[in-house]
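Asker: Would you mind keeping the following structure in view while I ask a few things?
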Amino acid sequence: MSPTFSADRFSAIFRKSESSRARLEPRWRGESKPKDPYPTTDSSAHRGKGLCGLKACSTLAWFTILLALAGCRQDMHDQPRFKPLAESDFYSDLRSARPPVEGTVARGQLREDSYLYTGKMGNNPGDYMPFPVTTEVLARGQQRYDIYCAPCHSRVGDGNGVIPSRGFPRKPPSYHIERLRKAPLGYFFDVITNGFGSMPDYSSQIEPRDRWAIVAYVRALQLSQDATAADVPAGQKVPSEPPRFEELGSGATLPVVENKPAHEEPK
Amino acid sequence: MQIFHRSTNTLSRATIYGAIFVVAALFWAAAAIQRSPYVTYAGVRRPQPVPFSHQHHVAGLGIDCRYCHTSVETSSFAGIPPTKTCMNCHAQIWTNAALLEPVRESYKSGKSLVWTRVNDLPDFAYFDHSIHINKGVGCNTCHGPVDRMPLMYNQASLQMEWCLECHRAPEKHLRPRDQVFNMRYEEPSSSKPVEVDGKEYTDQLSLGTDLVKKYKLRTVTDITSCSTCHR
């Protein structure tokens, strides 16, 4: 037998809500209460408990909408604090990052070792490294050189970097000229720190220790470009050709590794 | 008395059955919108005061990421270069270009260029660039092919599920430290093996597993803990 929605069954549902609504009506007071079809121990707890009571339904709907709308608020995403370099309308220069008060010495920035920070002894550039040069220092110097110096000075230091080739009025000089081969180490440090001619200073981009590492690497470059076959230790091979790049002019790519047998999957 | 026609039975049953799909579709739509660029801005080019092209400067000229983003290895913040960094080169080159007028104006007046932040994490997420760089996460692992972006956009959704994808299995993404800034780095394959400490790797999983040990990554339990990112 298929269930049909008869008028009887509907009236039962109506009644249920009618009776619950009716209980709110004051006119029943004092009169004989209609028989509660769903007796409970506490009649007040039963109030509006109908599964689809209009009030409960609308409360639930509002709650859902509020909950959904709450998800649209971005208070937690955008908290009232500044991320680094964020804009601030409080200061006239619109910067949230404030410069330290003049004369401030931050921790670790006392700069007691003046040679380490100036490369000068008195007024003249010194010709020694403030710390011993190890393989790590040279490797670090090479890395930093390739990042900050190579764009203009080229990776071998001949001044044929890619940036000047795009229209600099003057190319940077090669490190391998007489004047620079004889220049003391402190001179290079001073040029990186304060700039020279049309070269800007790199004091904000390169830390002092890294500047010295670059200086050591520049000296290594000078030695390498001025070397003869007799300088090569016995048993070591010198590559006779410059490395090839997959895409010319792109220093972002690594050179193609030659003489490497293609790896074969074990069968 | 029969109020409704008999066909209402079928209709009502179909409606109840169909409601499951309607509700499911609503959930699916909500999830799809939440992950879409409409919310995440992934792939959306933002307007900038100067249409700076990473493609030109990185792929075209071969400038390293760190030339401008100097603090990325040591600080939580990669660093947006000051106008002076632009002028290192543009005091000499393209000195009359109209596009660069805001840069010259900023350099003369000392007022900052106001760039639009592209990769913006929600403020309740703690993030530190330096730890990721030093554990062998490549720039383009998160930022996408920046060397092919004429205008900057964020590649990733920057949503939590995206962060966790890597934090749950870091070995799938790590590369040797000296390759972190190489925008054309390719995962090891049998035709292009990657060499670390004299050992050749031909697949990412074995390389990644060894790098996890070599770089002393915290355990997955540690780096997926709530307080790692929500401090």
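Ligands are numbered from 1 in the order shown, chains are lettered A, B, ... in the order of the structure tokens, and residues start at 1 in each chain.
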Tell me as a list in words which residues belonging to chain B come within 7 Å of chain A, counting only C-alpha atoms.

Answerer: Met1, Gln2, Ile3, Val58, Ala59, Gly60, Leu61, Gly62, Ile63, Asp64, Arg66, Tyr67, Thr70, Asn88, Gln92, Ile93, Lys111, Pro122, Asp123, Phe124, Asn182, Met183, Arg184, Ser190 and Ser191 of chain B

Asker: In range 34-216 of chain B, what's strand (DSSP E or B) per DSSP? Answer as a list of chain:residue names?

Answerer: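 Matching residues for strand (DSSP E or B) in range 34-216 of chain B are B:Val194, B:Glu195, B:Val196, B:Lys199, B:Glu200, B:Tyr201.
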
Asker: Can you list, as JSON, numbers by chain, every protein, DNA or RNA residue that comes within 9 Å of Pro82 in chain B when you count only C-alpha atoms, leaving out same-chain residues fewer than 6 positions away?

Answerer: {"B": [68, 112, 113]}

Asker: Please identify the helix (DSSP H, G or I) residues within chain B (assignment by DSSP from backbone atoms) and present them as a VMD selection string.

Answerer: chain B and resid 7 to 35 37 to 40 54 to 60 65 to 68 83 to 90 98 to 109 129 to 134 139 to 143 146 to 148 160 to 168 170 to 172 177 to 179 204 to 214 220 to 223 226 to 229

Asker: Hey, which of B:Pro81, B:Gly198, B:Gly144, B:Gly136 ends up closest to Val212 in chain B? Count only C-alpha atoms.

Answerer: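 The shortest atom-to-atom distance to Val212 in chain B comes from B:Gly136.
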
Asker: Go ahead and compute the interatomic distance for CA of Tyr215 in chain B and CA of Lys172 in chain B, in Å to one decimal.

Answerer: 14.4 Å

Asker: Just want the 7 Å neighbourhood of Gly208 in chain B, counted on only C-alpha atoms, with same-chain residues fewer than 4 positions away dropped. Output as a PyMOL selection string.

Answerer: chain B and resi 171-175+204+212

Asker: CA of Asp127 in chain A and CA of Gly157 in chain A are how many Å apart?

Answerer: 19.8 Å

Asker: For Cys163 in chain B, which residue among B:Thr8, B:Gln34, B:Gln55, B:Thr141 is the nearest when counting only C-alpha atoms?

Answerer: B:Thr141

Asker: Which value, in Å to one decimal, gives the distance between CA of Pro37 in chain B and CA of Cys139 in chain B?

Answerer: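 So the two atoms, CA of Pro37 in chain B and CA of Cys139 in chain B, lie 21.2 Å apart.
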